[in-house]
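Okay, run.txt is below, compact mmCIF, C-alpha atoms (C1' of nucleotides):
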```
# COMPACT_ATOMS: atom_id res chain seq x y z
CA MET A 1 -283.96 -31.02 -148.69
CA ALA A 2 -281.07 -32.35 -146.62
CA ASP A 3 -281.15 -35.58 -148.67
CA ARG A 4 -280.89 -33.66 -151.92
CA VAL A 5 -277.90 -31.71 -150.65
CA ASP A 6 -276.23 -34.93 -149.53
CA MET A 7 -276.81 -36.53 -152.94
CA GLN A 8 -275.11 -33.63 -154.67
CA TYR A 9 -272.28 -33.94 -152.19
CA ILE A 10 -271.97 -37.69 -152.79
CA GLN A 11 -272.08 -37.32 -156.56
CA ARG A 12 -269.37 -34.69 -156.48
CA ILE A 13 -267.15 -36.93 -154.38
CA LEU A 14 -267.74 -40.04 -156.51
CA LYS A 15 -266.99 -38.07 -159.64
CA THR A 16 -263.61 -36.98 -158.31
CA HIS A 17 -262.71 -40.20 -156.45
CA HIS A 18 -260.05 -41.94 -158.48
CA ARG A 19 -257.56 -44.46 -157.29
CA ARG A 20 -253.85 -44.45 -157.96
CA ASN A 21 -252.83 -46.76 -160.80
CA HIS A 22 -252.33 -50.34 -159.72
CA THR A 23 -248.57 -50.81 -159.21
CA LYS A 24 -247.09 -53.86 -160.88
CA PHE A 25 -243.85 -55.02 -159.25
CA THR A 26 -241.35 -56.87 -161.41
CA ARG A 27 -240.06 -60.30 -160.42
CA GLU A 28 -236.73 -58.74 -159.37
CA GLN A 29 -238.38 -56.02 -157.32
CA LEU A 30 -240.52 -58.61 -155.52
CA LYS A 31 -237.46 -60.75 -154.84
CA SER A 32 -235.71 -57.80 -153.16
CA LEU A 33 -238.83 -56.86 -151.19
CA ILE A 34 -239.35 -60.41 -149.94
CA ASN A 35 -235.68 -60.72 -148.98
CA VAL A 36 -235.91 -57.62 -146.82
CA PHE A 37 -239.28 -58.68 -145.40
CA ASN A 38 -237.86 -62.03 -144.27
CA TYR A 39 -235.38 -60.46 -141.89
CA GLU A 40 -237.01 -57.08 -141.30
CA PRO A 41 -240.82 -57.03 -141.62
CA TYR A 42 -240.94 -53.52 -140.11
CA PRO A 43 -238.32 -51.56 -142.04
CA ASN A 44 -237.77 -48.00 -140.88
CA TYR A 45 -237.84 -44.97 -143.15
CA THR A 46 -234.12 -45.11 -143.91
CA THR A 47 -234.31 -48.77 -144.92
CA ARG A 48 -237.39 -48.15 -147.05
CA GLN A 49 -235.69 -45.24 -148.78
CA LYS A 50 -232.57 -47.29 -149.44
CA LEU A 51 -234.70 -50.09 -150.85
CA ALA A 52 -236.60 -47.59 -152.96
CA LEU A 53 -233.38 -46.46 -154.61
CA GLU A 54 -232.20 -50.02 -155.01
CA ILE A 55 -235.28 -51.28 -156.84
CA ASN A 56 -236.27 -47.97 -158.42
CA MET A 57 -239.68 -47.71 -156.77
CA GLU A 58 -241.30 -44.92 -154.76
CA GLU A 59 -240.80 -45.24 -151.00
CA SER A 60 -244.52 -44.77 -150.45
CA ARG A 61 -245.31 -47.85 -152.60
CA ILE A 62 -242.78 -49.84 -150.57
CA GLN A 63 -244.41 -48.75 -147.32
CA ILE A 64 -247.82 -49.90 -148.62
CA TRP A 65 -246.34 -53.18 -149.89
CA PHE A 66 -244.94 -53.94 -146.41
CA GLN A 67 -248.28 -53.10 -144.79
CA ASN A 68 -250.15 -55.46 -147.10
CA ARG A 69 -247.48 -58.14 -146.79
CA ARG A 70 -247.63 -58.04 -142.98
CA ALA A 71 -251.41 -58.27 -143.09
CA ARG A 72 -251.23 -61.41 -145.27
CA HIS A 73 -248.41 -62.86 -143.20
CA LEU A 74 -250.24 -62.29 -139.90
CA PHE A 75 -253.38 -63.84 -141.35
CA GLU A 76 -251.50 -66.95 -142.50
CA LYS A 77 -249.62 -67.33 -139.24
CA ARG A 78 -252.57 -66.90 -136.93
CA SER A 79 -252.90 -70.63 -136.48
CA LYS A 80 -249.28 -70.65 -135.27
CA PRO A 81 -249.19 -67.83 -132.68
CA ASN A 82 -245.51 -68.31 -131.81
CA GLU A 83 -244.59 -67.54 -135.39
CA ALA A 84 -246.50 -64.28 -135.45
CA LEU A 85 -244.62 -61.09 -136.22
CA LYS A 86 -243.69 -58.98 -133.25
CA SER A 87 -245.49 -55.71 -132.96
CA SER A 88 -243.45 -52.56 -133.29
CA GLN A 89 -244.10 -51.85 -129.61
CA GLU A 90 -242.75 -55.26 -128.56
CA ARG A 91 -239.71 -54.78 -130.75
CA ARG A 92 -239.03 -51.39 -129.21
CA GLN A 93 -239.22 -52.90 -125.70
CA ASP A 94 -236.82 -55.68 -126.72
CA ASN A 95 -234.34 -53.41 -128.36
CA PRO A 96 -233.54 -49.95 -126.99
CA GLU A 97 -231.90 -49.04 -130.29
CA GLU A 98 -235.33 -49.28 -131.88
CA ARG A 99 -236.49 -46.28 -129.87
CA SER A 100 -234.14 -44.03 -131.76
CA GLN A 101 -234.96 -45.64 -135.07
CA VAL A 102 -235.59 -43.26 -137.88
CA ARG A 103 -239.14 -42.26 -138.50
CA ARG A 104 -239.89 -40.11 -141.46
CA CYS A 105 -239.20 -36.44 -140.68
CA HIS A 106 -242.15 -34.63 -139.14
CA THR A 107 -243.89 -32.57 -141.79
CA TYR A 108 -244.65 -28.99 -140.81
CA TYR A 109 -247.34 -27.17 -142.72
CA ASN A 110 -247.37 -23.39 -142.79
CA THR A 111 -250.56 -21.36 -142.50
CA SER A 112 -251.00 -21.06 -146.23
CA GLN A 113 -250.52 -24.79 -146.83
CA LEU A 114 -252.96 -25.62 -144.03
CA CYS A 115 -255.47 -23.20 -145.46
CA THR A 116 -255.26 -24.93 -148.84
CA LEU A 117 -255.62 -28.37 -147.26
CA LYS A 118 -258.60 -27.34 -145.12
CA LYS A 119 -260.31 -25.79 -148.10
CA ALA A 120 -259.76 -28.97 -150.10
CA PHE A 121 -261.03 -31.09 -147.21
CA LYS A 122 -264.17 -29.02 -146.96
CA ASN A 123 -264.76 -29.54 -150.67
CA ASN A 124 -263.96 -33.27 -150.63
CA PRO A 125 -262.76 -35.23 -147.57
CA TYR A 126 -261.91 -38.27 -149.77
CA PRO A 127 -259.82 -36.82 -152.61
CA GLY A 128 -258.76 -39.13 -155.42
CA ILE A 129 -255.24 -39.50 -156.67
CA GLU A 130 -255.47 -36.65 -159.22
CA CYS A 131 -256.78 -34.26 -156.59
CA ARG A 132 -254.09 -35.28 -154.08
CA GLU A 133 -251.36 -34.92 -156.67
CA GLN A 134 -252.61 -31.50 -157.64
CA LEU A 135 -252.65 -30.44 -153.99
CA ALA A 136 -249.17 -31.88 -153.51
CA LYS A 137 -247.89 -29.84 -156.42
CA GLU A 138 -249.72 -26.74 -155.24
CA ILE A 139 -248.28 -26.71 -151.72
CA GLY A 140 -245.00 -28.50 -152.46
CA VAL A 141 -245.45 -31.60 -150.27
CA PRO A 142 -245.22 -35.27 -151.35
CA GLU A 143 -248.56 -36.80 -152.31
CA LEU A 144 -248.46 -39.45 -149.59
CA ARG A 145 -248.14 -36.72 -146.94
CA ILE A 146 -251.36 -35.24 -148.31
CA GLN A 147 -253.03 -38.64 -148.09
CA VAL A 148 -251.89 -39.06 -144.47
CA TRP A 149 -253.07 -35.56 -143.61
CA PHE A 150 -256.54 -36.37 -144.97
CA GLN A 151 -256.56 -39.75 -143.19
CA ASN A 152 -255.71 -38.18 -139.85
CA ARG A 153 -258.21 -35.39 -140.32
CA ILE A 154 -261.11 -37.65 -141.32
CA SER A 155 -260.24 -40.10 -138.55
CA ARG A 156 -260.24 -37.40 -135.88
CA LEU A 157 -263.37 -35.83 -137.22
CA LEU A 158 -265.25 -39.15 -137.23
CA SER A 159 -264.21 -40.01 -133.67
CA GLN A 160 -265.18 -36.52 -132.59
CA VAL A 161 -268.62 -36.94 -134.18
CA LYS A 162 -268.98 -40.38 -132.55
CA GLU A 163 -268.04 -38.97 -129.15
CA ASP A 164 -270.47 -36.09 -129.32
CA PRO A 165 -273.06 -36.62 -132.06
CA GLU A 166 -275.31 -33.91 -130.65
CA GLU A 167 -272.62 -31.30 -130.96
CA THR A 168 -273.78 -28.45 -133.15
CA THR A 169 -271.81 -25.44 -134.19
CA ASP A 170 -272.56 -22.19 -135.90
CA SER A 171 -269.57 -22.55 -138.17
CA GLU A 172 -270.59 -23.38 -141.72
CA THR A 173 -267.30 -25.21 -142.22
CA GLU A 174 -267.77 -27.44 -139.21
CA LYS A 175 -271.39 -28.09 -140.15
CA GLN A 176 -270.27 -29.33 -143.52
CA GLU A 177 -267.44 -31.39 -142.09
CA SER A 178 -269.68 -33.00 -139.49
CA ARG A 179 -271.88 -34.57 -142.15
CA VAL A 180 -268.99 -36.41 -143.69
CA LEU A 181 -270.01 -39.78 -145.09
CA LYS A 182 -267.79 -42.85 -145.04
CA PRO A 183 -266.89 -44.17 -148.51
CA HIS A 184 -269.04 -47.31 -148.13
CA GLU A 185 -272.00 -45.12 -147.22
CA MET A 186 -271.59 -43.31 -150.51
CA ARG A 187 -272.09 -46.41 -152.61
C1' DA B 1 -258.28 -65.01 -157.39
C1' DC B 2 -254.68 -62.21 -156.17
C1' DT B 3 -253.04 -58.10 -154.39
C1' DA B 4 -252.32 -52.90 -154.50
C1' DA B 5 -254.94 -49.14 -152.80
C1' DT B 6 -257.80 -47.27 -149.47
C1' DC B 7 -260.21 -46.53 -145.06
C1' DT B 8 -260.81 -46.46 -139.83
C1' DG B 9 -259.32 -46.33 -135.27
C1' DA B 10 -255.66 -46.80 -132.02
C1' DT B 11 -251.30 -45.55 -130.66
C1' DC B 12 -246.63 -43.65 -130.86
C1' DA B 13 -243.65 -39.55 -131.11
C1' DC B 14 -242.79 -35.02 -131.08
C1' DT B 15 -243.71 -29.91 -130.27
C1' DG B 16 -245.07 -26.03 -127.75
C1' DC B 17 -246.02 -24.92 -123.59
C1' DC B 18 -246.06 -26.18 -118.32
C1' DC B 19 -249.36 -30.62 -117.85
C1' DC B 20 -251.40 -31.83 -121.67
C1' DA B 21 -253.48 -30.78 -126.20
C1' DG B 22 -252.52 -30.92 -131.05
C1' DT B 23 -250.96 -33.33 -134.86
C1' DG B 24 -247.95 -36.09 -138.13
C1' DA B 25 -246.42 -41.03 -138.61
C1' DT B 26 -247.26 -45.78 -138.25
C1' DC B 27 -249.75 -49.83 -137.51
C1' DA B 28 -253.53 -53.63 -137.49
C1' DG B 29 -257.66 -54.92 -139.16
C1' DC B 30 -259.88 -61.32 -135.13
C1' DA B 31 -267.60 -63.96 -137.27
C1' DC B 32 -259.70 -62.85 -139.73
C1' DA B 33 -260.80 -54.39 -142.44
C1' DT B 34 -262.87 -53.27 -147.50
C1' DT B 35 -262.51 -51.88 -152.40
C1' DA B 36 -261.13 -52.36 -156.93
C1' DG B 37 -257.63 -53.20 -160.91
C1' DT B 38 -255.49 -56.98 -163.43
```
Representation of the structure as structure tokens:
Amino acid sequence: MADRVDMQYIQRILKTHHRRNHTKFTREQLKSLINVFNYEPYPNYTTRQKLALEINMEESRIQIWFQNRRARHLFEKRSKPNEALKSSQERRQDNPEERSQVRRCHTYYNTSQLCTLKKAFKNNPYPGIECREQLAKEIGVPELRIQVWFQNRISRLLSQVKEDPEETTDSETEKQESRVLKPHEMR
DNA sequence: ACTAATCTGATCACTGCCCCAGTGATCAGCACATTAGT
């Protein structure tokens, strides 16, 4: 019985799990991105926004590009440890100015927005791009903030389940959330 | 094959409340994260 319920759950998620379109950067955009990366591999929000305007690309795509670029760079440089990128923590220790560096403004969700997000999470903890965009439009928050909200929520739920797998609750919502499957377990 | 997109877990940063829990933002990923579009 439980297996059948899970299958329905999995099928529903797979059906609605769509990725964002693959972004194709132009040669000029890549040139600008690489230039910035070479002297600032950890650009703050202000820098990313400025760059976004400059190359006419969403700031969220730029943030992801830098994450992927750092991952490749760190992988390539692992054989030469002294050339590795400094972590953000190390950089902050080196440079007190870094401590006041601009992070993106904290997003505050009101009760109604949170209610919508929680309802959506209950229905599908791994929403695809269409679903996230619809939610973003519905509650008036950028799509990437929705993605981060879901990432934090699933992450905290999974670590909570790991910490106390025996935990049982009477709440139907929590019961449903506690049987969340990881994406690779769905395939 | 290359690389953008996504996921997980850890940690930072800030808020509201009174010392720490809650939560959004950011980051790495080490038998070198995985998945999927081009």
Item to complete: Identify every residue of chain A that has at least one atom within 10 Å of any atom of chain B, counting all atoms listed in the file, and report the result as a ChimeraX atom specification.
Response: /A:19-25,42,61,63-65,67-72,74-76,78,87-89,99,103-108,126,145,147-149,151-156,158-159,182-184
Practice prompt. Tell me, in Å to one decimal, how far CA of Ile139 (chain A) is from CA of Thr116 (chain A).
Written response: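 Going from CA of Ile139 (chain A) over to CA of Thr116 (chain A) covers 7.8 Å.
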Discussion item. Just the number, please: distance in Å from CA of Tyr39 (chain A) to CA of Lys77 (chain A), one decimal.
Written reply: 16.0 Å
Practice prompt. Can you work out the spacing between CA of Gly140 (chain A) and CA of Val102 (chain A) in Å, to one decimal?
Written response: 22.8 Å
Worksheet entry | Among the residues A:Gln134, A:Ser112, A:Asn38, A:Gln29, the one that comes closest to Asn56 (chain A) [using all atoms listed in the file] |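 Smallest distance to Asn56 (chain A) is found for A:Gln29.
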